[in-house]
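Input: a single structure, listed below in structure tokens.
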Amino acid sequence: MSSPRLPSVQRLIGLARSNGVDVRPTLLRVIVDQFVSETQHPAAEVTRFAELVVNLLPRASEADRAIVAEKLADHPQTPTVVARALAHDAGAIARPILARCRALSDDDLFLAVRSGDGEKALAVAEREDIGLAALVALEDMDDPAIRTALAARIGRSLPAPAPRRPKPADLGQRFLAAATAQRETMLAELALAGETLPPGLGPKSAGLDLETAALSRREGALAEALTRTFLFDARTAAAVAGDPGGEPLVVCARALDLGREATMRMLLFAHEAIGTSVDRIYGLASLYQAIPRAAAVALVRSWQAAAVAETAARSGRHQPVMASDASDRVGARQAASVAARSMTRTPVARPGSVRLPKA
């Protein structure tokens with residue numbers, strides 16, 4: 001987390017290099033203090049914070065780990081990987097995380113109950129939100145303290161319902177409509193979700209197709225390459241290719257694991273405004289490295305879902321069964337014209353003009 005906001009971290013690193021002092025325990029506490037001092041962080045900072053803390057926790061003492069757990073338990077952007085590491089620690093360290101941290105899933109809580117540690121199970125029982133599996137596991141335990149904690153939940157007011165998660169197709173559209181700061185927040189939330197990486201999106205040649213299209217600088221070439229690679233609809237492909245911020249292109253490049261250098265080359269030629277700004281190019285390159293590939297794939301899947309929804313909407317328009325289409329109308333006109341011509345050629349018999357055969 002090399003940032004102007006962390007001068008004390010830089011001094012600690014310099015001290016460690018010059019005097020050989022082990023400053024890792026102090027460095028851990030300083031980094032956590034800096035992180036919890038703000039409620040919102042960009043995706044890059046969250047990713048770097050998670051990497052640093054996971055590497056520093058095994059070297060920290062129990063007292064330091066307990067302090068870290070207490071400070072991160074209530075932070076809205078605590079990384080899932082850090083929360084799980086603390087939840088697997090000793091009961092006294094894991095307690096605040098298990099009791100309050102929102103980064104843990106229902107499966108994490110169930111595993112904590114089944115771990116055999118009574119202190120961890122009691123911490124889960126005191127949470128405001130408990131998944132069904134963890135709740136059933138708690139009810140099966142013969143522990144007076146846990147029964148008391150579960151009984152206290154009966155008179156407790158229910159927590160506010162969690163906001164409805166957007167449909168997969170909505171996620172990508174919200175990302176395209178958001179500003180740069182909002183996009184970084186969305187990427188940070190996807191990174192915190194800890195999604196597993198789905199199967200690959202295509203062959204390695206797909207990334208080369210995108211880069212070649214960008215280097216050609218032909219109007220519409222990049223959008224066409226995005227459509228071929230990801231099966232986007234034309235409108236989404238044009239929005240991703242022409243976005244002035246460049247973040248959607250970075251997401252597509254990260255989903256394909258295109259590489260930092262190839263992504264920078266693509267951005268240099270894709271947009272003149274981006275290519276002429278050194279700060280912007282390096283900022284997007286840093287964003288590429290900070291985005292977990294699973295988060296990028298989730299956004300790409302969302303844009304693909306939008307294409308599927310658009311196709312279904314076009315093919316699903318209702319048409320009455322008895323409605324005559326254009327071909328029926330053309331056929332009716334042709335039949336009417338043929339009948340009219342045949343009537344003009346066939347003589348019509350008039351009364352009194354019919355000759356009877358002779359006997």
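Identifiers in the structure tokens: chain A, B, ... in order shown; residue index from 1 per chain; ligand index from 1 in order shown.
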
Subject >> Close residues, region 41-50 of chain A itself excluded, 12 Å, only C-alpha atoms, min 5 positions apart in chain, as an NGL selection string >> reply: :A and (1-3 or 5-6 or 27-36 or 55-57 or 72 or 75-85 or 180-192 or 194 or 283-293 or 295-296)

**OP:** Could you give me the residues within region 2-126 of chain A that DSSP places in helix (DSSP H, G or I), as JSON, numbers by chain?
**Re:** {"A": [7, 8, 9, 10, 11, 12, 13, 14, 15, 16, 17, 18, 19, 24, 25, 26, 27, 28, 29, 30, 31, 32, 33, 34, 35, 36, 43, 44, 45, 46, 47, 48, 49, 50, 51, 52, 53, 54, 55, 56, 57, 58, 59, 62, 63, 64, 65, 66, 67, 68, 69, 70, 71, 72, 80, 81, 82, 83, 84, 85, 86, 87, 91, 92, 93, 94, 95, 96, 97, 98, 99, 100, 106, 107, 108, 109, 110, 111, 112, 113, 118, 119, 120, 121, 122, 123, 124, 125]}

Subject >> Close residues, region 125-139 of chain A itself excluded, 12 Å, only C-alpha atoms, min 3 positions apart in chain, as an NGL selection string >> reply: :A and (73 or 95-102 or 104-122 or 142-154 or 156-162)

Please save N, CA and C atoms of the selected residues as a short mmCIF file (atom, residue, chain, number, x, y, z; two decimals), in the first residue's frame.
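Saved result, again36.cif, follows:
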```
data_model
loop_
_atom_site.label_atom_id
_atom_site.label_comp_id
_atom_site.auth_asym_id
_atom_site.auth_seq_id
_atom_site.Cartn_x
_atom_site.Cartn_y
_atom_site.Cartn_z
N ALA A 73 -13.50 -6.20 12.42
CA ALA A 73 -14.79 -6.89 12.53
C ALA A 73 -15.94 -6.04 12.01
N ARG A 95 -13.43 -14.54 17.69
CA ARG A 95 -14.74 -14.18 18.22
C ARG A 95 -15.34 -12.91 17.61
N PRO A 96 -14.63 -11.76 17.60
CA PRO A 96 -15.26 -10.56 17.03
C PRO A 96 -15.58 -10.70 15.54
N ILE A 97 -14.73 -11.42 14.80
CA ILE A 97 -14.99 -11.62 13.37
C ILE A 97 -16.24 -12.47 13.18
N LEU A 98 -16.35 -13.57 13.92
CA LEU A 98 -17.51 -14.45 13.79
C LEU A 98 -18.79 -13.80 14.28
N ALA A 99 -18.68 -12.90 15.22
CA ALA A 99 -19.88 -12.28 15.79
C ALA A 99 -20.37 -11.10 14.98
N ARG A 100 -19.48 -10.40 14.24
CA ARG A 100 -19.91 -9.14 13.63
C ARG A 100 -19.53 -8.96 12.17
N CYS A 101 -18.51 -9.62 11.68
CA CYS A 101 -18.00 -9.33 10.34
C CYS A 101 -18.96 -9.81 9.27
N ARG A 102 -19.26 -8.92 8.31
CA ARG A 102 -20.18 -9.24 7.21
C ARG A 102 -19.48 -9.90 6.04
N LEU A 104 -17.99 -12.76 6.03
CA LEU A 104 -18.10 -14.21 6.09
C LEU A 104 -19.41 -14.68 5.47
N SER A 105 -19.36 -15.83 4.82
CA SER A 105 -20.56 -16.42 4.21
C SER A 105 -21.24 -17.36 5.19
N ASP A 106 -22.42 -17.86 4.81
CA ASP A 106 -23.13 -18.82 5.66
C ASP A 106 -22.32 -20.11 5.84
N ASP A 107 -21.59 -20.51 4.79
CA ASP A 107 -20.75 -21.71 4.91
C ASP A 107 -19.63 -21.50 5.92
N ASP A 108 -19.05 -20.29 5.95
CA ASP A 108 -18.00 -20.00 6.93
C ASP A 108 -18.54 -20.11 8.35
N LEU A 109 -19.74 -19.60 8.58
CA LEU A 109 -20.34 -19.68 9.91
C LEU A 109 -20.66 -21.12 10.29
N PHE A 110 -21.14 -21.90 9.34
CA PHE A 110 -21.45 -23.30 9.62
C PHE A 110 -20.18 -24.06 9.99
N LEU A 111 -19.09 -23.84 9.26
CA LEU A 111 -17.84 -24.51 9.57
C LEU A 111 -17.30 -24.10 10.95
N ALA A 112 -17.52 -22.84 11.32
CA ALA A 112 -17.08 -22.40 12.65
C ALA A 112 -17.86 -23.11 13.75
N VAL A 113 -19.17 -23.31 13.53
CA VAL A 113 -19.97 -24.02 14.53
C VAL A 113 -19.53 -25.47 14.65
N ARG A 114 -19.22 -26.07 13.50
CA ARG A 114 -18.85 -27.49 13.48
C ARG A 114 -17.37 -27.71 13.84
N SER A 115 -16.64 -26.65 14.12
CA SER A 115 -15.21 -26.80 14.43
C SER A 115 -14.96 -27.45 15.78
N GLY A 116 -15.97 -27.48 16.64
CA GLY A 116 -15.81 -28.04 17.98
C GLY A 116 -15.35 -27.03 19.01
N ASP A 117 -15.14 -25.78 18.60
CA ASP A 117 -14.73 -24.72 19.52
C ASP A 117 -15.99 -24.04 20.04
N GLY A 118 -16.26 -24.20 21.35
CA GLY A 118 -17.47 -23.63 21.92
C GLY A 118 -17.50 -22.12 21.86
N GLU A 119 -16.36 -21.47 21.99
CA GLU A 119 -16.31 -20.01 21.93
C GLU A 119 -16.67 -19.50 20.54
N LYS A 120 -16.23 -20.19 19.51
CA LYS A 120 -16.60 -19.80 18.15
C LYS A 120 -18.09 -20.01 17.90
N ALA A 121 -18.62 -21.13 18.37
CA ALA A 121 -20.05 -21.39 18.19
C ALA A 121 -20.89 -20.34 18.90
N LEU A 122 -20.48 -19.95 20.10
CA LEU A 122 -21.21 -18.93 20.84
C LEU A 122 -21.16 -17.59 20.11
N ASP A 142 -25.65 -29.12 22.69
CA ASP A 142 -26.14 -29.15 24.08
C ASP A 142 -25.23 -28.26 24.93
N ASP A 143 -25.43 -26.94 24.77
CA ASP A 143 -24.60 -25.97 25.48
C ASP A 143 -25.54 -24.91 26.07
N PRO A 144 -25.57 -24.74 27.40
CA PRO A 144 -26.50 -23.76 28.00
C PRO A 144 -26.27 -22.34 27.50
N ALA A 145 -25.02 -21.94 27.31
CA ALA A 145 -24.75 -20.57 26.85
C ALA A 145 -25.29 -20.36 25.44
N ILE A 146 -25.16 -21.35 24.57
CA ILE A 146 -25.68 -21.22 23.21
C ILE A 146 -27.21 -21.21 23.23
N ARG A 147 -27.81 -22.04 24.07
CA ARG A 147 -29.29 -22.03 24.16
C ARG A 147 -29.79 -20.68 24.66
N THR A 148 -29.07 -20.09 25.60
CA THR A 148 -29.47 -18.77 26.10
C THR A 148 -29.34 -17.72 25.00
N ALA A 149 -28.26 -17.78 24.22
CA ALA A 149 -28.07 -16.82 23.13
C ALA A 149 -29.15 -16.98 22.07
N LEU A 150 -29.52 -18.22 21.75
CA LEU A 150 -30.57 -18.44 20.75
C LEU A 150 -31.93 -18.00 21.29
N ALA A 151 -32.18 -18.22 22.59
CA ALA A 151 -33.46 -17.80 23.17
C ALA A 151 -33.57 -16.29 23.18
N ALA A 152 -32.45 -15.59 23.36
CA ALA A 152 -32.49 -14.13 23.37
C ALA A 152 -32.83 -13.57 21.99
N ARG A 153 -32.63 -14.35 20.96
CA ARG A 153 -32.94 -13.87 19.61
C ARG A 153 -34.44 -13.80 19.37
N ILE A 154 -35.24 -14.52 20.16
CA ILE A 154 -36.69 -14.56 19.91
C ILE A 154 -37.31 -13.19 20.13
N ARG A 156 -35.71 -10.39 20.02
CA ARG A 156 -34.92 -9.36 19.35
C ARG A 156 -35.58 -9.00 18.04
N SER A 157 -35.59 -7.71 17.75
CA SER A 157 -36.17 -7.27 16.48
C SER A 157 -35.33 -7.79 15.33
N LEU A 158 -36.01 -8.19 14.27
CA LEU A 158 -35.32 -8.73 13.11
C LEU A 158 -34.50 -7.65 12.43
N PRO A 159 -33.34 -8.00 11.94
CA PRO A 159 -32.53 -7.00 11.21
C PRO A 159 -33.19 -6.61 9.91
N ALA A 160 -32.83 -5.44 9.44
CA ALA A 160 -33.38 -4.99 8.17
C ALA A 160 -33.00 -5.95 7.06
N PRO A 161 -33.92 -6.26 6.15
CA PRO A 161 -33.60 -7.21 5.08
C PRO A 161 -32.46 -6.69 4.22
N ALA A 162 -31.64 -7.60 3.79
CA ALA A 162 -30.51 -7.22 2.93
C ALA A 162 -31.04 -6.72 1.61
#
```

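If you count only C-alpha atoms and ignore residues fewer than 4 places along the chain from region 241-248 of chain A, what sits within 9 Å of it is Phe175, Leu176, Ala179, Thr180, Arg183, Gly220, Leu222, Ala223, Leu226, Thr236, Ala237, Cys252, Ala253, Leu267, Ala270, His271, Ala273, Ile274, Arg280, Leu284, Leu287, Tyr288 and Leu299 of chain A.
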
Dump N, CA and C atoms for the selected residues as a CSV table (one decimal), in the first residue's frame?
```csv
chain,number,residue,atom,x,y,z
A,175,PHE,N,-22.3,-0.7,-14.2
A,175,PHE,CA,-20.9,-0.4,-14.3
A,175,PHE,C,-20.6,0.5,-15.4
A,176,LEU,N,-21.3,0.3,-16.6
A,176,LEU,CA,-21.1,1.2,-17.7
A,176,LEU,C,-21.6,2.6,-17.4
A,179,ALA,N,-19.6,6.4,-12.7
A,179,ALA,CA,-18.4,7.2,-12.8
A,179,ALA,C,-17.2,6.4,-12.4
A,180,THR,N,-16.0,6.9,-12.5
A,180,THR,CA,-14.7,6.2,-12.2
A,180,THR,C,-14.7,5.8,-10.8
A,183,ARG,N,-17.1,3.0,-10.2
A,183,ARG,CA,-16.6,1.7,-10.8
A,183,ARG,C,-15.6,1.0,-9.9
A,220,GLY,N,-14.9,1.1,-35.4
A,220,GLY,CA,-15.8,0.0,-35.2
A,220,GLY,C,-15.1,-1.4,-35.1
A,222,LEU,N,-12.7,-2.4,-33.0
A,222,LEU,CA,-12.6,-3.0,-31.6
A,222,LEU,C,-14.0,-3.5,-31.1
A,223,ALA,N,-15.1,-2.8,-31.4
A,223,ALA,CA,-16.4,-3.3,-31.1
A,223,ALA,C,-16.7,-4.6,-31.7
A,226,LEU,N,-14.8,-7.3,-29.9
A,226,LEU,CA,-15.5,-7.6,-28.6
A,226,LEU,C,-16.7,-8.5,-28.9
A,236,THR,N,-23.8,-3.2,-26.5
A,236,THR,CA,-22.9,-3.3,-25.4
A,236,THR,C,-21.4,-3.3,-25.8
A,237,ALA,N,-21.2,-3.9,-27.0
A,237,ALA,CA,-19.8,-3.9,-27.5
A,237,ALA,C,-19.4,-2.5,-27.9
A,252,CYS,N,-12.3,-6.4,-19.6
A,252,CYS,CA,-12.3,-7.4,-20.6
A,252,CYS,C,-10.9,-8.0,-20.8
A,253,ALA,N,-9.9,-7.1,-20.7
A,253,ALA,CA,-8.5,-7.6,-20.8
A,253,ALA,C,-8.1,-8.5,-19.6
A,267,LEU,N,-4.9,0.0,-24.9
A,267,LEU,CA,-5.4,1.3,-24.4
A,267,LEU,C,-4.8,2.5,-25.1
A,270,ALA,N,-6.6,2.5,-28.5
A,270,ALA,CA,-8.1,2.5,-28.5
A,270,ALA,C,-8.7,3.9,-28.3
A,271,HIS,N,-8.1,4.8,-27.5
A,271,HIS,CA,-8.6,6.1,-27.2
A,271,HIS,C,-7.5,7.1,-27.3
A,273,ALA,N,-7.7,10.2,-26.1
A,273,ALA,CA,-7.6,10.9,-24.8
A,273,ALA,C,-6.8,10.1,-23.8
A,274,ILE,N,-7.0,8.8,-23.8
A,274,ILE,CA,-6.3,7.9,-22.8
A,274,ILE,C,-4.8,7.8,-23.2
A,280,ARG,N,-3.0,8.5,-16.8
A,280,ARG,CA,-4.2,7.7,-17.0
A,280,ARG,C,-3.8,6.3,-17.5
A,284,LEU,N,-4.7,3.0,-15.3
A,284,LEU,CA,-5.4,1.8,-15.8
A,284,LEU,C,-4.6,0.5,-15.7
A,287,LEU,N,-4.9,-0.6,-12.3
A,287,LEU,CA,-6.2,-1.2,-12.1
A,287,LEU,C,-6.2,-2.6,-12.6
A,288,TYR,N,-5.6,-2.9,-13.7
A,288,TYR,CA,-5.6,-4.2,-14.3
A,288,TYR,C,-4.9,-5.2,-13.3
A,299,LEU,N,-18.1,-9.5,-14.4
A,299,LEU,CA,-18.6,-8.4,-15.1
A,299,LEU,C,-18.9,-8.8,-16.6
```

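The smallest atom-to-atom distance between Asp170 (chain A) and any of A:Glu211, A:Val300, A:Ala294, A:Ala234, using only C-alpha atoms, is found for A:Val300.
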
Original post:
What is the distance, in Å and to one decimal place, between CA of Val251 (chain A) and CA of Val297 (chain A)?
Top reply: 7.8 Å

**OP:** Would you list the contacts of region 58-62 of chain A as a PyMOL selection string, taking every protein, DNA or RNA residue within 8 Å and counting only C-alpha atoms, but skipping same-chain residues closer than 2 positions in sequence?
**Re:** chain A and resi 24-25+28+54-56+64-66+93

Next, the residues of the selection above should be written as an mmCIF file, in the first residue's frame with N, CA and C atoms.
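Wrote result_21.cif, looks like this:
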```
data_model
loop_
_atom_site.group_PDB
_atom_site.id
_atom_site.type_symbol
_atom_site.label_atom_id
_atom_site.label_comp_id
_atom_site.auth_asym_id
_atom_site.auth_seq_id
_atom_site.Cartn_x
_atom_site.Cartn_y
_atom_site.Cartn_z
ATOM 1 N N ARG A 24 7.627 -6.124 11.405
ATOM 2 C CA ARG A 24 6.397 -6.662 10.838
ATOM 3 C C ARG A 24 5.194 -6.577 11.779
ATOM 4 N N PRO A 25 5.331 -6.867 13.070
ATOM 5 C CA PRO A 25 4.165 -6.695 13.947
ATOM 6 C C PRO A 25 3.668 -5.251 13.990
ATOM 7 N N LEU A 28 1.988 -4.348 10.679
ATOM 8 C CA LEU A 28 0.631 -4.884 10.582
ATOM 9 C C LEU A 28 -0.371 -3.961 11.262
ATOM 10 N N VAL A 54 -2.526 -10.831 4.963
ATOM 11 C CA VAL A 54 -2.437 -12.292 4.957
ATOM 12 C C VAL A 54 -0.988 -12.750 5.131
ATOM 13 N N ASN A 55 -0.042 -12.011 4.580
ATOM 14 C CA ASN A 55 1.366 -12.374 4.727
ATOM 15 C C ASN A 55 1.933 -11.997 6.094
ATOM 16 N N LEU A 56 1.370 -10.970 6.732
ATOM 17 C CA LEU A 56 1.895 -10.508 8.018
ATOM 18 C C LEU A 56 1.262 -11.218 9.211
ATOM 19 N N ASP A 64 -1.486 -9.206 18.983
ATOM 20 C CA ASP A 64 -1.619 -8.361 17.791
ATOM 21 C C ASP A 64 -2.741 -8.853 16.888
ATOM 22 N N ARG A 65 -2.881 -10.171 16.729
ATOM 23 C CA ARG A 65 -3.952 -10.709 15.879
ATOM 24 C C ARG A 65 -5.317 -10.406 16.482
ATOM 25 N N ALA A 66 -5.409 -10.435 17.807
ATOM 26 C CA ALA A 66 -6.678 -10.096 18.459
ATOM 27 C C ALA A 66 -7.044 -8.631 18.225
ATOM 28 N N ILE A 93 -9.433 -14.846 19.290
ATOM 29 C CA ILE A 93 -9.128 -13.975 18.155
ATOM 30 C C ILE A 93 -10.277 -13.983 17.148
#
```
